[in-house]
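J.: Attaching a single structure in structure tokens format; questions to follow.
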Amino acid sequence: MSPAKARLGTYISSSTAGEKYKAFVPPPLPPEPPLDSQRYGALLERAGLALGRLNGLVDAIPETKLFLYFNIRKEAVLSSQIEGTQSSLSDLLMFESDEVPGVPLHDVTEVSNYVLALEYAFKRMKDGFPLSLRLMNEMHALLLSRGRGSGKNPGEFRRSQNWIGGTRPGNARFVPPPPEKVMECLAEFEKFLYLDPAPYPPLVKAALAHVQFETIHPYLDGNGRLGRLLVSILLYLDGVLKEPVLYLSLYFKNHRQTYYDKLNAVRESGDWEGWVEFFLEGVIDAAEQAVATITKVRDLLAADKRQIDMVGRKGITMMKVHAYLQKKPITSALEVAKELEITPPTARVALQNLERYKIVKEITGRERGRLYVYQRYIAALEEGTGGLPE
């Protein structure tokens, strides 16, 4: 058997409604024969350096928690957009402020579910809970807790056949393992995650794990979102990231066809090296994007603080409101007054002064219930995810 053929899975013939189809069962990880590291060695080194720069910058910024807060939301938006939602980061922030978003409610609900799943996963792991099939089910239950997919067995591995593309297994682009093979594949997958010593560096391990999870496709819905989420979790757990600040959804979104082609090349010809090269290029791109975003946000906040400093006495309240806007960039005078324990008229005047200096913008045009948006701040955070409300 040639090396390439040794890496290929097997097909199991089945039928439904009298129509025959073949479901693909992948071989367990790690791939055999082992990967040719010479093909991706230079990229692996570059990716490590890019992550080193990102980790160093995260250590240096005082707003790390704020950046994490918004980065998780940006990832939720991007990952959900890959699945077809139209929600942007500003839509999600409007939704979280109990305001009506600019897209259908089920779109933004789906994104909000992703935030819940992501934050839940990192809290569980920080409390010492291991990445496991149980944790994946708990995350999946949150991911599909409301809106689309809520009727497709949230938190449960599938017990029926699914497929990708097409209207049925017989004309599908890809048919994952039959239901009776799912738990067997998942048991091998979980075993790979904890191989000691690990056969590959953490970045390569995460690359392999993502493909295997997407190939098994263990749920009736939500596999893509959960599979992308697992990449960040693995990099954090294996110490590659000091904080979960790197996400690949924007890269996958911008190179969607290549992403699908590389996944198919693994399944059809065993080209794991080609996938790893693509994945590492994505890590480099995402790390550089994260560094650029952190730098842009840091510089913007500093410039606005300098401008407020020049205002004089009334700048004291403006500075407090500016600090609050970094946590809640879409807000109202009543919210600000409650949070900062000042009177609504004082909050209103401070927001109007910030608007005068073009730091915020009022977006409703109403006399009452006005909403103010820290637009340039959100724009820096949400680059690549869709626009702000006009």
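Within each chain, counting starts at residue 1; across the structure tokens, chains are named A, B, ... in the order shown, with ligands numbered 1 upward in that order.
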Taking 2 positions as the minimum chain separation for residues in the same chain, which residues sit within 8 Å of stretch 70-87 of chain A when counting only C-alpha atoms? Answer as a PyMOL selection string.
T.: chain A and resi 66-68+89+91-92+102-103+107-108+110-112+114-115+118-119+224-225+228+245+247+249-250+253+381-382+385-386
J.: From stretch 201-286 of chain A, collect each residue whose DSSP state is helix (DSSP H, G or I) and return the set as a ChimeraX atom specification.
T.: /A:202-216,223-237,249-254,256-269,272-286
J.: Identify, on the basis of only C-alpha atoms, every residue whose closest approach to A:Ala303 does not exceed 12 Å; exclude the query and any residue fewer than 6 positions from it along the same chain; express the result as a VMD selection string.
T.: chain A and resid 296 to 297 309 to 310 322 357 359 376 to 377
J.: Tell me which of A:Asn162, A:Gln326, A:Thr293, A:Thr364 sits closest to A:Lys305, counting only C-alpha atoms.
T.: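 Among the listed residues, the smallest separation from A:Lys305 belongs to A:Gln326.
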J.: How close does each residue of stretch 5-52 of chain A get to stretch 163-169 of chain A, giving the shortest atom pair and distance in Å to one decimal for every residue with an atom at most 9 Å away, counting only C-alpha atoms, sorted by chain and residue number, as CSV?
T.:
```
residue,atom,partner,partner_atom,distance
A:Ser15,CA,A:Pro169,CA,8.6
A:Thr16,CA,A:Pro169,CA,8.1
A:Glu19,CA,A:Pro169,CA,8.5
A:Lys20,CA,A:Pro169,CA,8.3
A:Tyr21,CA,A:Pro169,CA,6.2
A:Lys22,CA,A:Pro169,CA,8.1
A:Ala23,CA,A:Pro169,CA,8.4
```
J.: Using only C-alpha atoms, which residue out of A:Gly170, A:Pro197, A:Gly41, A:Pro30 lies closest to A:Gln212?
T.: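 That would be A:Pro30, the residue with the smallest distance to A:Gln212.
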J.: Contacts of A:Gly270 at 8 Å or less, counting only C-alpha atoms, minus same-chain residues fewer than 5 places along, as a VMD selection string?
T.: chain A and resid 4 to 5 7 to 8 265
J.: Would you write out those residues with C-alpha atoms, as a PDB file, in the first residue's frame?
T.:
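Below is the file part.pdb, written as the result:
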```
ATOM      1  CA  ALA A   4      -1.007   8.135   0.549  1.00  0.00           C
ATOM      2  CA  LYS A   5      -3.419   5.189   0.477  1.00  0.00           C
ATOM      3  CA  ARG A   7      -3.913   7.520   5.205  1.00  0.00           C
ATOM      4  CA  LEU A   8      -7.269   7.077   3.522  1.00  0.00           C
ATOM      5  CA  ALA A 265      -7.859  16.705  -0.150  1.00  0.00           C
TER       6      ALA A 265
END
```
J.: I'd like the interatomic distance between atom CA of A:Ala333 and atom CA of A:Leu301, to a tenth of an Å.
T.: 20.7 Å
J.: Just the number, please: distance in Å from atom CA of A:Val373 to atom CA of A:Gln352, one decimal.
T.: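 Atom CA of A:Val373 sits 11.6 Å away from atom CA of A:Gln352.
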J.: Tell me which of A:Leu131, A:Ala6, A:Ala207, A:Leu235 sits closest to A:Glu281, counting only C-alpha atoms.
T.: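 That would be A:Ala207, the residue with the smallest distance to A:Glu281.
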J.: Considering only C-alpha atoms, tabulate each residue of stretch 257-332 of chain A that lies at most 10 Å from stretch 43-46 of chain A along with its nearest interatomic pair and the corresponding distance in Å to one decimal; arrange the rows by chain and ascending residue number and present them as JSON lines.
T.:
```
{"residue": "A:Val276", "atom": "CA", "partner": "A:Leu44", "partner_atom": "CA", "distance": 9.1}
{"residue": "A:Glu277", "atom": "CA", "partner": "A:Leu43", "partner_atom": "CA", "distance": 7.0}
{"residue": "A:Phe278", "atom": "CA", "partner": "A:Leu43", "partner_atom": "CA", "distance": 9.4}
{"residue": "A:Phe279", "atom": "CA", "partner": "A:Leu43", "partner_atom": "CA", "distance": 9.6}
{"residue": "A:Leu280", "atom": "CA", "partner": "A:Leu43", "partner_atom": "CA", "distance": 6.2}
{"residue": "A:Glu281", "atom": "CA", "partner": "A:Leu43", "partner_atom": "CA", "distance": 7.0}
{"residue": "A:Val283", "atom": "CA", "partner": "A:Leu44", "partner_atom": "CA", "distance": 9.4}
{"residue": "A:Ile284", "atom": "CA", "partner": "A:Arg46", "partner_atom": "CA", "distance": 7.1}
```
J.: How many Å separate atom CA of A:Leu203 from atom CA of A:Tyr259?
T.: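 So the answer is 16.9 Å.
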J.: In terms of the shortest atom-to-atom distance over only C-alpha atoms, which of A:Gly52, A:Leu57, A:Asp299, A:Arg146 is closest to A:Leu105?
T.: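 Counting only C-alpha atoms, the residue closest to A:Leu105 is A:Arg146.
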